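Text of coords_8.cif, listed as mmCIF, C-alpha atoms:
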data_work
#
loop_
_atom_site.group_PDB
_atom_site.id
_atom_site.type_symbol
_atom_site.label_atom_id
_atom_site.label_comp_id
_atom_site.auth_asym_id
_atom_site.auth_seq_id
_atom_site.Cartn_x
_atom_site.Cartn_y
_atom_site.Cartn_z
ATOM 1 C CA MET A 1 1.536 72.105 -56.473
ATOM 2 C CA ASN A 2 4.135 72.062 -53.738
ATOM 3 C CA TRP A 3 4.781 68.343 -53.199
ATOM 4 C CA PRO A 4 6.886 68.613 -50.005
ATOM 5 C CA VAL A 5 4.110 70.587 -48.271
ATOM 6 C CA PHE A 6 1.582 68.027 -49.561
ATOM 7 C CA ALA A 7 3.730 65.219 -48.108
ATOM 8 C CA ILE A 8 3.882 66.942 -44.715
ATOM 9 C CA LEU A 9 0.117 67.510 -44.684
ATOM 10 C CA ALA A 10 -0.503 63.916 -45.726
ATOM 11 C CA TYR A 11 1.817 62.684 -42.973
ATOM 12 C CA VAL A 12 0.042 64.773 -40.317
ATOM 13 C CA LEU A 13 -3.394 63.667 -41.515
ATOM 14 C CA LEU A 14 -2.225 60.043 -41.638
ATOM 15 C CA GLY A 15 -1.267 60.390 -37.980
ATOM 16 C CA LEU A 16 -4.712 61.809 -37.213
ATOM 17 C CA GLU A 17 -6.321 59.024 -39.216
ATOM 18 C CA ARG A 18 -4.442 56.261 -37.424
ATOM 19 C CA GLY A 19 -4.785 57.926 -34.015
ATOM 20 C CA LEU A 20 -8.324 59.318 -34.000
ATOM 21 C CA ARG A 21 -10.167 57.075 -36.405
ATOM 22 C CA ASP A 22 -11.303 54.592 -33.734
ATOM 23 C CA THR A 23 -12.095 57.390 -31.289
ATOM 24 C CA LEU A 24 -14.286 59.193 -33.829
ATOM 25 C CA ALA A 25 -15.966 55.984 -35.014
ATOM 26 C CA ILE A 26 -19.717 55.704 -34.815
ATOM 27 C CA GLY A 27 -20.125 51.955 -34.600
ATOM 28 C CA PRO A 28 -18.283 50.489 -37.582
ATOM 29 C CA VAL A 29 -18.428 53.797 -39.531
ATOM 30 C CA GLN A 30 -15.108 55.651 -39.492
ATOM 31 C CA PRO A 31 -14.056 58.879 -41.224
ATOM 32 C CA SER A 32 -10.984 59.213 -43.433
ATOM 33 C CA PHE A 33 -8.750 62.253 -43.039
ATOM 34 C CA LEU A 34 -6.634 61.275 -46.049
ATOM 35 C CA LEU A 35 -9.619 60.993 -48.378
ATOM 36 C CA ALA A 36 -10.754 64.446 -47.216
ATOM 37 C CA LEU A 37 -7.301 65.777 -48.147
ATOM 38 C CA GLY A 38 -7.568 63.993 -51.502
ATOM 39 C CA ALA A 39 -10.914 65.648 -52.179
ATOM 40 C CA PHE A 40 -9.488 69.089 -51.358
ATOM 41 C CA VAL A 41 -6.499 68.519 -53.629
ATOM 42 C CA ALA A 42 -8.752 67.266 -56.440
ATOM 43 C CA LEU A 43 -10.885 70.384 -56.015
ATOM 44 C CA SER A 44 -7.934 72.783 -56.106
ATOM 45 C CA ALA A 45 -4.968 71.278 -57.978
ATOM 46 C CA PRO A 46 -4.298 70.909 -61.697
ATOM 47 C CA PRO A 47 -5.819 67.663 -63.025
ATOM 48 C CA MET A 48 -2.671 65.516 -63.301
ATOM 49 C CA HIS A 49 -1.432 66.656 -59.903
ATOM 50 C CA ALA A 50 -4.819 65.795 -58.395
ATOM 51 C CA ILE A 51 -4.797 62.302 -59.894
ATOM 52 C CA TRP A 52 -1.257 61.563 -58.725
ATOM 53 C CA ALA A 53 -1.930 62.979 -55.257
ATOM 54 C CA CYS A 54 -5.082 60.858 -54.842
ATOM 55 C CA LEU A 55 -3.214 57.786 -56.095
ATOM 56 C CA VAL A 56 -0.488 58.377 -53.484
ATOM 57 C CA LEU A 57 -3.048 58.934 -50.722
ATOM 58 C CA GLY A 58 -4.917 55.769 -51.705
ATOM 59 C CA LEU A 59 -1.703 53.781 -51.791
ATOM 60 C CA THR A 60 -0.890 55.136 -48.339
ATOM 61 C CA LEU A 61 -4.253 53.902 -47.068
ATOM 62 C CA ASP A 62 -3.633 50.504 -48.658
ATOM 63 C CA LEU A 63 -0.210 50.143 -47.074
ATOM 64 C CA THR A 64 -1.056 51.423 -43.592
ATOM 65 C CA GLY A 65 -4.369 49.636 -43.161
ATOM 66 C CA GLY A 66 -4.990 45.950 -42.951
ATOM 67 C CA TRP A 67 -7.743 43.948 -44.568
ATOM 68 C CA PRO A 68 -9.326 41.427 -42.207
ATOM 69 C CA MET A 69 -8.623 37.820 -43.107
ATOM 70 C CA ILE A 70 -10.676 34.785 -42.060
ATOM 71 C CA ASP A 71 -7.968 32.705 -40.365
ATOM 72 C CA ALA A 72 -5.019 35.098 -40.259
ATOM 73 C CA PRO A 73 -4.109 38.535 -38.950
ATOM 74 C CA ALA A 74 -5.070 41.562 -41.043
ATOM 75 C CA GLN A 75 -2.789 42.105 -44.032
ATOM 76 C CA PRO A 76 -2.235 45.050 -46.365
ATOM 77 C CA LEU A 77 -3.690 44.693 -49.844
ATOM 78 C CA ILE A 78 -2.311 47.080 -52.447
ATOM 79 C CA GLY A 79 -4.793 48.337 -54.977
ATOM 80 C CA PRO A 80 -8.308 48.984 -53.679
ATOM 81 C CA TYR A 81 -7.782 52.449 -52.208
ATOM 82 C CA ALA A 82 -5.133 53.380 -54.776
ATOM 83 C CA LEU A 83 -7.539 52.763 -57.653
ATOM 84 C CA GLY A 84 -10.403 54.191 -55.628
ATOM 85 C CA GLY A 85 -8.407 57.376 -55.077
ATOM 86 C CA VAL A 86 -7.875 57.754 -58.815
ATOM 87 C CA LEU A 87 -11.617 57.370 -59.459
ATOM 88 C CA MET A 88 -12.321 59.832 -56.640
ATOM 89 C CA ALA A 89 -10.052 62.384 -58.318
ATOM 90 C CA GLN A 90 -11.741 61.818 -61.689
ATOM 91 C CA VAL A 91 -15.227 62.275 -60.215
ATOM 92 C CA ILE A 92 -14.241 65.488 -58.443
ATOM 93 C CA LEU A 93 -12.380 66.822 -61.485
ATOM 94 C CA THR A 94 -15.477 66.207 -63.588
ATOM 95 C CA LEU A 95 -17.825 67.925 -61.143
ATOM 96 C CA ARG A 96 -15.658 70.808 -59.940
ATOM 97 C CA GLY A 97 -16.185 72.938 -63.051
ATOM 98 C CA LYS A 98 -19.936 72.942 -62.479
ATOM 99 C CA LEU A 99 -19.820 74.163 -58.873
ATOM 100 C CA VAL A 100 -18.519 77.123 -56.901
ATOM 101 C CA ARG A 101 -15.011 75.843 -56.143
ATOM 102 C CA HIS A 102 -14.124 78.114 -53.231
ATOM 103 C CA HIS A 103 -16.909 77.227 -50.846
ATOM 104 C CA LEU A 104 -16.680 74.735 -47.997
ATOM 105 C CA ALA A 105 -20.113 73.315 -48.787
ATOM 106 C CA THR A 106 -18.763 72.443 -52.237
ATOM 107 C CA LEU A 107 -15.883 70.635 -50.564
ATOM 108 C CA GLY A 108 -18.336 68.636 -48.460
ATOM 109 C CA VAL A 109 -20.536 67.691 -51.421
ATOM 110 C CA LEU A 110 -17.597 66.752 -53.650
ATOM 111 C CA THR A 111 -15.951 64.834 -50.821
ATOM 112 C CA PHE A 112 -19.130 62.802 -50.444
ATOM 113 C CA ALA A 113 -19.353 62.087 -54.188
ATOM 114 C CA GLY A 114 -15.647 61.292 -54.479
ATOM 115 C CA VAL A 115 -15.482 59.052 -51.415
ATOM 116 C CA ILE A 116 -18.567 57.147 -52.581
ATOM 117 C CA ALA A 117 -16.759 56.482 -55.874
ATOM 118 C CA ALA A 118 -13.589 55.406 -54.047
ATOM 119 C CA GLN A 119 -15.469 53.150 -51.645
ATOM 120 C CA PHE A 120 -17.383 51.591 -54.554
ATOM 121 C CA VAL A 121 -14.074 50.610 -56.151
ATOM 122 C CA VAL A 122 -12.851 49.210 -52.822
ATOM 123 C CA VAL A 123 -15.976 47.077 -52.370
ATOM 124 C CA VAL A 124 -15.882 45.786 -55.957
ATOM 125 C CA LEU A 125 -12.174 44.895 -55.776
ATOM 126 C CA LEU A 126 -12.602 43.166 -52.411
ATOM 127 C CA LEU A 127 -15.572 41.257 -53.818
ATOM 128 C CA ILE A 128 -13.460 40.147 -56.781
ATOM 129 C CA GLN A 129 -10.699 39.046 -54.391
ATOM 130 C CA THR A 130 -13.220 37.101 -52.310
ATOM 131 C CA LEU A 131 -14.738 35.419 -55.376
ATOM 132 C CA ALA A 132 -11.232 34.518 -56.570
ATOM 133 C CA GLY A 133 -10.665 32.605 -53.338
ATOM 134 C CA ALA A 134 -8.860 35.095 -51.103
ATOM 135 C CA PRO A 135 -9.649 34.382 -47.431
ATOM 136 C CA LEU A 136 -10.983 37.901 -46.746
ATOM 137 C CA ALA A 137 -13.542 38.412 -43.987
ATOM 138 C CA PHE A 138 -15.867 40.363 -46.253
ATOM 139 C CA SER A 139 -19.638 40.706 -46.585
ATOM 140 C CA PRO A 140 -20.541 42.886 -49.602
ATOM 141 C CA GLY A 141 -23.921 44.074 -48.292
ATOM 142 C CA SER A 142 -22.874 45.231 -44.851
ATOM 143 C CA GLU A 143 -19.529 46.511 -46.152
ATOM 144 C CA THR A 144 -21.323 48.683 -48.719
ATOM 145 C CA LEU A 145 -23.539 50.229 -46.037
ATOM 146 C CA ILE A 146 -20.580 50.835 -43.719
ATOM 147 C CA ARG A 147 -18.611 52.483 -46.518
ATOM 148 C CA LEU A 148 -21.575 54.637 -47.519
ATOM 149 C CA GLY A 149 -21.767 55.852 -43.929
ATOM 150 C CA SER A 150 -18.029 56.436 -43.980
ATOM 151 C CA ALA A 151 -18.419 58.588 -47.105
ATOM 152 C CA GLY A 152 -21.018 60.743 -45.356
ATOM 153 C CA TYR A 153 -18.924 61.002 -42.194
ATOM 154 C CA THR A 154 -15.829 61.950 -44.198
ATOM 155 C CA ALA A 155 -17.844 64.605 -46.051
ATOM 156 C CA VAL A 156 -18.976 66.138 -42.746
ATOM 157 C CA LEU A 157 -15.415 65.949 -41.417
ATOM 158 C CA SER A 158 -14.045 67.630 -44.560
ATOM 159 C CA VAL A 159 -15.691 70.947 -43.676
ATOM 160 C CA PRO A 160 -13.689 71.646 -40.469
ATOM 161 C CA ILE A 161 -10.568 70.180 -42.089
ATOM 162 C CA GLY A 162 -11.314 72.426 -45.059
ATOM 163 C CA PHE A 163 -10.802 75.528 -42.907
ATOM 164 C CA LEU A 164 -7.250 74.386 -42.212
ATOM 165 C CA LEU A 165 -6.618 73.289 -45.792
ATOM 166 C CA VAL A 166 -7.856 76.597 -47.213
ATOM 167 C CA ALA A 167 -5.389 78.341 -44.896
ATOM 168 C CA ALA A 168 -2.644 76.017 -46.185
ATOM 169 C CA ALA A 169 -3.665 76.459 -49.850
ATOM 170 C CA PRO A 170 -1.030 79.146 -50.599
ATOM 171 C CA LEU A 171 1.661 76.861 -49.144
ATOM 172 C CA LEU A 172 0.414 74.058 -51.389
ATOM 173 C CA GLY A 173 0.650 76.387 -54.374
ATOM 174 C CA PHE A 174 -3.087 76.614 -55.000
ATOM 175 C CA GLY A 175 -4.267 80.023 -56.163
ATOM 176 C CA GLY A 176 -7.757 81.358 -55.953
ATOM 177 C CA HIS A 177 -8.417 80.840 -52.260
ATOM 178 C CA GLY A 178 -7.768 84.453 -51.361
ATOM 179 C CA GLN A 179 -10.035 87.432 -51.906
ATOM 180 C CA ARG A 180 -12.193 87.469 -55.010
ATOM 181 C CA PRO A 181 -11.580 90.295 -57.523
ATOM 182 C CA TRP A 182 -14.720 92.144 -56.373
ATOM 183 C CA GLN A 183 -13.508 92.001 -52.742
ATOM 184 C CA ARG A 184 -10.111 93.621 -53.319
ATOM 185 C CA ARG A 185 -9.511 97.229 -52.461
ATOM 186 C CA ALA A 186 -8.143 99.441 -55.162
#
Any chance you could put this one into structure tokens?
Amino acid sequence: MNWPVFAILAYVLLGLERGLRDTLAIGPVQPSFLLALGAFVALSAPPMHAIWACLVLGLTLDLTGGWPMIDAPAQPLIGPYALGGVLMAQVILTLRGKLVRHHLATLGVLTFAGVIAAQFVVVVLLLIQTLAGAPLAFSPGSETLIRLGSAGYTAVLSVPIGFLLVAAAPLLGFGGHGQRPWQRRA
């Protein structure tokens, strides 16, 4: 995996996430460009690279986003998305061997499964923080529904982003996104 190209892609998608996320929101449901990138990397990269890449993307989401507090401005909380990204990578790594890896529908399905896993970790960790006395503005029921919608929205968004990521796959050092052996001319 080519880490500098990954960093550039992550930076561009972080800009799209921070800039377009509110514009693309459907009520409280918002897509995540970085989690879509994480799903693509987990689908294409070697296992340890996928885990580290998803950890970095999750940590980026933790550091750039704020968690709403009851009587204070939103503050970053390191951990929920970082651990959620690792679980997302594990789920996708487990499922990718059973599916056709080089199809955009596979990317959408695995993005949905992976983001659900990541959002589950986020909700559980925020619930633990709330039960431990942290002044988070958090309602587990509504937050779970919002994050489930976000997983579906991110899965739908991953298909058009997937076109661009498949084109960037050789730059990332991922093989296997070109012509299949039966499509090559002799």
Problem set entry | Nearest to Leu13 (chain A) by atom-to-atom distance, counting all atoms listed in the file, from A:Met69, A:Val29, A:Leu37, A:Val156 |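 When distances to Leu13 (chain A) are compared using all atoms listed in the file, the smallest one comes from A:Leu37.
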For this session: Please provide the set of residues having any atom within 12 Å of region 126-136 of chain A, restricted to only C-alpha atoms, with same-chain residues fewer than 3 positions apart removed, written as number ranges by chain.
Result: A: 66-81, 84, 119-123, 139-141, 143-144
For this session: Would you list the contacts of region 1-9 of chain A as number ranges by chain, taking every protein, DNA or RNA residue within 9 Å and counting all atoms listed in the file, but skipping same-chain residues closer than 4 positions in sequence?
Result: A: 13-14, 37, 45-46, 49, 53, 165, 168, 171-174
For this session: Expand the PyMOL selection byres ((chain A and resi 150-153) around 6) into the individual residues it matches in the shown file, reporting them as number ranges by chain.
Result: A: 29-31, 112, 115-116, 147-149, 154-156
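Applied to the shown file, the PyMOL selection byres ((chain A and resi 57-62) around 6) selects the residues A:Cys54, A:Leu55, A:Val56, A:Leu63, A:Thr64, A:Gly65, A:Leu77, A:Ile78, A:Tyr81, A:Ala82, A:Gly85.
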For this session: For CA of Trp52 (chain A) and CA of Leu20 (chain A), quote the distance in Å rounded to one decimal.
Result: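 Atom-to-atom, CA of Trp52 (chain A) to CA of Leu20 (chain A), that is 25.8 Å.
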Taking all atoms listed in the file into account, produce a table as CSV in which each residue of region 48-83 of chain A with an atom at most 10 Å from an atom of region 90-108 of chain A appears once, together with its shortest atom pair and the distance in Å to one decimal, ordered by chain and rising number.
residue,atom,partner,partner_atom,distance
A:Met48,CA,A:Gln90,CA,9.9
A:Ala50,CA,A:Leu93,CA,8.2
A:Ile51,CA,A:Gln90,CA,7.2
A:Cys54,CA,A:Gln90,CA,9.6
Mind writing the picked residues with C-alpha atoms as a CSV table (one decimal), keeping the file's coordinate frame?
chain,number,residue,atom,x,y,z
A,48,MET,CA,-2.7,65.5,-63.3
A,50,ALA,CA,-4.8,65.8,-58.4
A,51,ILE,CA,-4.8,62.3,-59.9
A,54,CYS,CA,-5.1,60.9,-54.8
For this session: Could you please determine the separation between CA of Leu83 (chain A) and CA of Val124 (chain A) in Å, to one decimal place?
Result: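 Taking CA of Leu83 (chain A) as the start and CA of Val124 (chain A) as the end point, the length is 11.0 Å.
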Exercise. So how far away is CA of Ala169 (chain A) from CA of Val41 (chain A), in Å?
Worked result: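 These two atoms are separated by 9.2 Å.
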For this session: Using all atoms listed in the file, find the one residue out of A:Phe138, A:Val159, A:Ser44, A:Arg21 that sits nearest to Leu125 (chain A).
Result: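 Counting all atoms listed in the file, the residue closest to Leu125 (chain A) is A:Phe138.
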Problem set entry | Top pick for closest residue to Leu110 (chain A), considering A:Leu34, A:Leu16, A:Leu145, A:Ala89 and counting only C-alpha atoms | A:Ala89
Problem set entry | Of the listed residues A:Leu43, A:Ala10, A:Ala36, A:Val109, that which approaches Ile161 (chain A) most closely, counting only C-alpha atoms |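 Looking only at the distances to Ile161 (chain A), the closest residue turns out to be A:Ala36.
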For this session: Point out the residue among A:Gly38, A:Pro160, A:Ala137, A:Ile146 with the least atom-to-atom distance to Ile26 (chain A), counting only C-alpha atoms.
Result: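 The closest residue to Ile26 (chain A) is A:Ile146.
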For region 93-120 of chain A of the block above, can you save N, CA and C atoms as an mmCIF file, in the first residue's frame?
data_model
loop_
_atom_site.group_PDB
_atom_site.id
_atom_site.type_symbol
_atom_site.label_atom_id
_atom_site.label_comp_id
_atom_site.auth_asym_id
_atom_site.auth_seq_id
_atom_site.Cartn_x
_atom_site.Cartn_y
_atom_site.Cartn_z
ATOM 1 N N LEU A 93 -12.709 -7.551 6.356
ATOM 2 C CA LEU A 93 -11.688 -8.563 6.063
ATOM 3 C C LEU A 93 -12.269 -9.971 6.182
ATOM 4 N N THR A 94 -13.160 -10.169 7.122
ATOM 5 C CA THR A 94 -13.783 -11.479 7.289
ATOM 6 C C THR A 94 -14.719 -11.807 6.128
ATOM 7 N N LEU A 95 -15.454 -10.816 5.661
ATOM 8 C CA LEU A 95 -16.452 -11.052 4.617
ATOM 9 C C LEU A 95 -15.903 -10.979 3.196
ATOM 10 N N ARG A 96 -14.782 -10.311 2.983
ATOM 11 C CA ARG A 96 -14.341 -10.053 1.617
ATOM 12 C C ARG A 96 -13.936 -11.318 0.863
ATOM 13 N N GLY A 97 -13.508 -12.349 1.544
ATOM 14 C CA GLY A 97 -13.138 -13.587 0.867
ATOM 15 C C GLY A 97 -14.328 -14.363 0.348
ATOM 16 N N LYS A 98 -15.517 -14.049 0.823
ATOM 17 C CA LYS A 98 -16.718 -14.770 0.431
ATOM 18 C C LYS A 98 -17.492 -14.074 -0.682
ATOM 19 N N LEU A 99 -17.023 -12.910 -1.107
ATOM 20 C CA LEU A 99 -17.739 -12.122 -2.110
ATOM 21 C C LEU A 99 -16.829 -11.801 -3.293
ATOM 22 N N VAL A 100 -17.438 -11.343 -4.368
ATOM 23 C CA VAL A 100 -16.684 -10.891 -5.532
ATOM 24 C C VAL A 100 -16.091 -9.537 -5.175
ATOM 25 N N ARG A 101 -14.764 -9.470 -5.017
ATOM 26 C CA ARG A 101 -14.118 -8.283 -4.467
ATOM 27 C C ARG A 101 -14.118 -7.085 -5.409
ATOM 28 N N HIS A 102 -14.160 -7.314 -6.699
ATOM 29 C CA HIS A 102 -13.949 -6.223 -7.652
ATOM 30 C C HIS A 102 -15.250 -5.740 -8.278
ATOM 31 N N HIS A 103 -16.268 -5.638 -7.457
ATOM 32 C CA HIS A 103 -17.561 -5.171 -7.936
ATOM 33 C C HIS A 103 -18.030 -4.051 -7.010
ATOM 34 N N LEU A 104 -18.594 -3.010 -7.584
ATOM 35 C CA LEU A 104 -19.008 -1.867 -6.767
ATOM 36 C C LEU A 104 -20.183 -2.204 -5.851
ATOM 37 N N ALA A 105 -21.011 -3.151 -6.238
ATOM 38 C CA ALA A 105 -22.089 -3.568 -5.342
ATOM 39 C C ALA A 105 -21.517 -4.223 -4.089
ATOM 40 N N THR A 106 -20.417 -4.959 -4.256
ATOM 41 C CA THR A 106 -19.739 -5.555 -3.102
ATOM 42 C C THR A 106 -19.229 -4.461 -2.180
ATOM 43 N N LEU A 107 -18.679 -3.410 -2.761
ATOM 44 C CA LEU A 107 -18.206 -2.286 -1.948
ATOM 45 C C LEU A 107 -19.360 -1.679 -1.155
ATOM 46 N N GLY A 108 -20.506 -1.510 -1.784
ATOM 47 C CA GLY A 108 -21.658 -0.952 -1.084
ATOM 48 C C GLY A 108 -22.134 -1.838 0.055
ATOM 49 N N VAL A 109 -22.225 -3.140 -0.198
ATOM 50 C CA VAL A 109 -22.691 -4.075 0.834
ATOM 51 C C VAL A 109 -21.697 -4.132 1.991
ATOM 52 N N LEU A 110 -20.411 -4.240 1.679
ATOM 53 C CA LEU A 110 -19.405 -4.321 2.738
ATOM 54 C C LEU A 110 -19.258 -2.995 3.479
ATOM 55 N N THR A 111 -19.462 -1.889 2.783
ATOM 56 C CA THR A 111 -19.448 -0.597 3.467
ATOM 57 C C THR A 111 -20.585 -0.547 4.484
ATOM 58 N N PHE A 112 -21.747 -1.001 4.086
ATOM 59 C CA PHE A 112 -22.889 -1.011 5.006
ATOM 60 C C PHE A 112 -22.591 -1.874 6.229
ATOM 61 N N ALA A 113 -22.098 -3.091 6.008
ATOM 62 C CA ALA A 113 -21.798 -3.990 7.131
ATOM 63 C C ALA A 113 -20.699 -3.417 8.018
ATOM 64 N N GLY A 114 -19.652 -2.874 7.404
ATOM 65 C CA GLY A 114 -18.543 -2.330 8.179
ATOM 66 C C GLY A 114 -18.918 -1.088 8.959
ATOM 67 N N VAL A 115 -19.684 -0.196 8.343
ATOM 68 C CA VAL A 115 -20.075 1.042 9.028
ATOM 69 C C VAL A 115 -21.068 0.739 10.146
ATOM 70 N N ILE A 116 -21.932 -0.257 9.964
ATOM 71 C CA ILE A 116 -22.806 -0.658 11.067
ATOM 72 C C ILE A 116 -21.969 -1.107 12.258
ATOM 73 N N ALA A 117 -20.936 -1.915 11.993
ATOM 74 C CA ALA A 117 -20.061 -2.380 13.078
ATOM 75 C C ALA A 117 -19.366 -1.200 13.759
ATOM 76 N N ALA A 118 -18.853 -0.274 12.954
ATOM 77 C CA ALA A 118 -18.167 0.900 13.517
ATOM 78 C C ALA A 118 -19.125 1.754 14.335
ATOM 79 N N GLN A 119 -20.305 1.984 13.818
ATOM 80 C CA GLN A 119 -21.277 2.823 14.530
ATOM 81 C C GLN A 119 -21.770 2.135 15.801
ATOM 82 N N PHE A 120 -21.844 0.805 15.796
ATOM 83 C CA PHE A 120 -22.209 0.073 17.005
ATOM 84 C C PHE A 120 -21.181 0.323 18.107
#
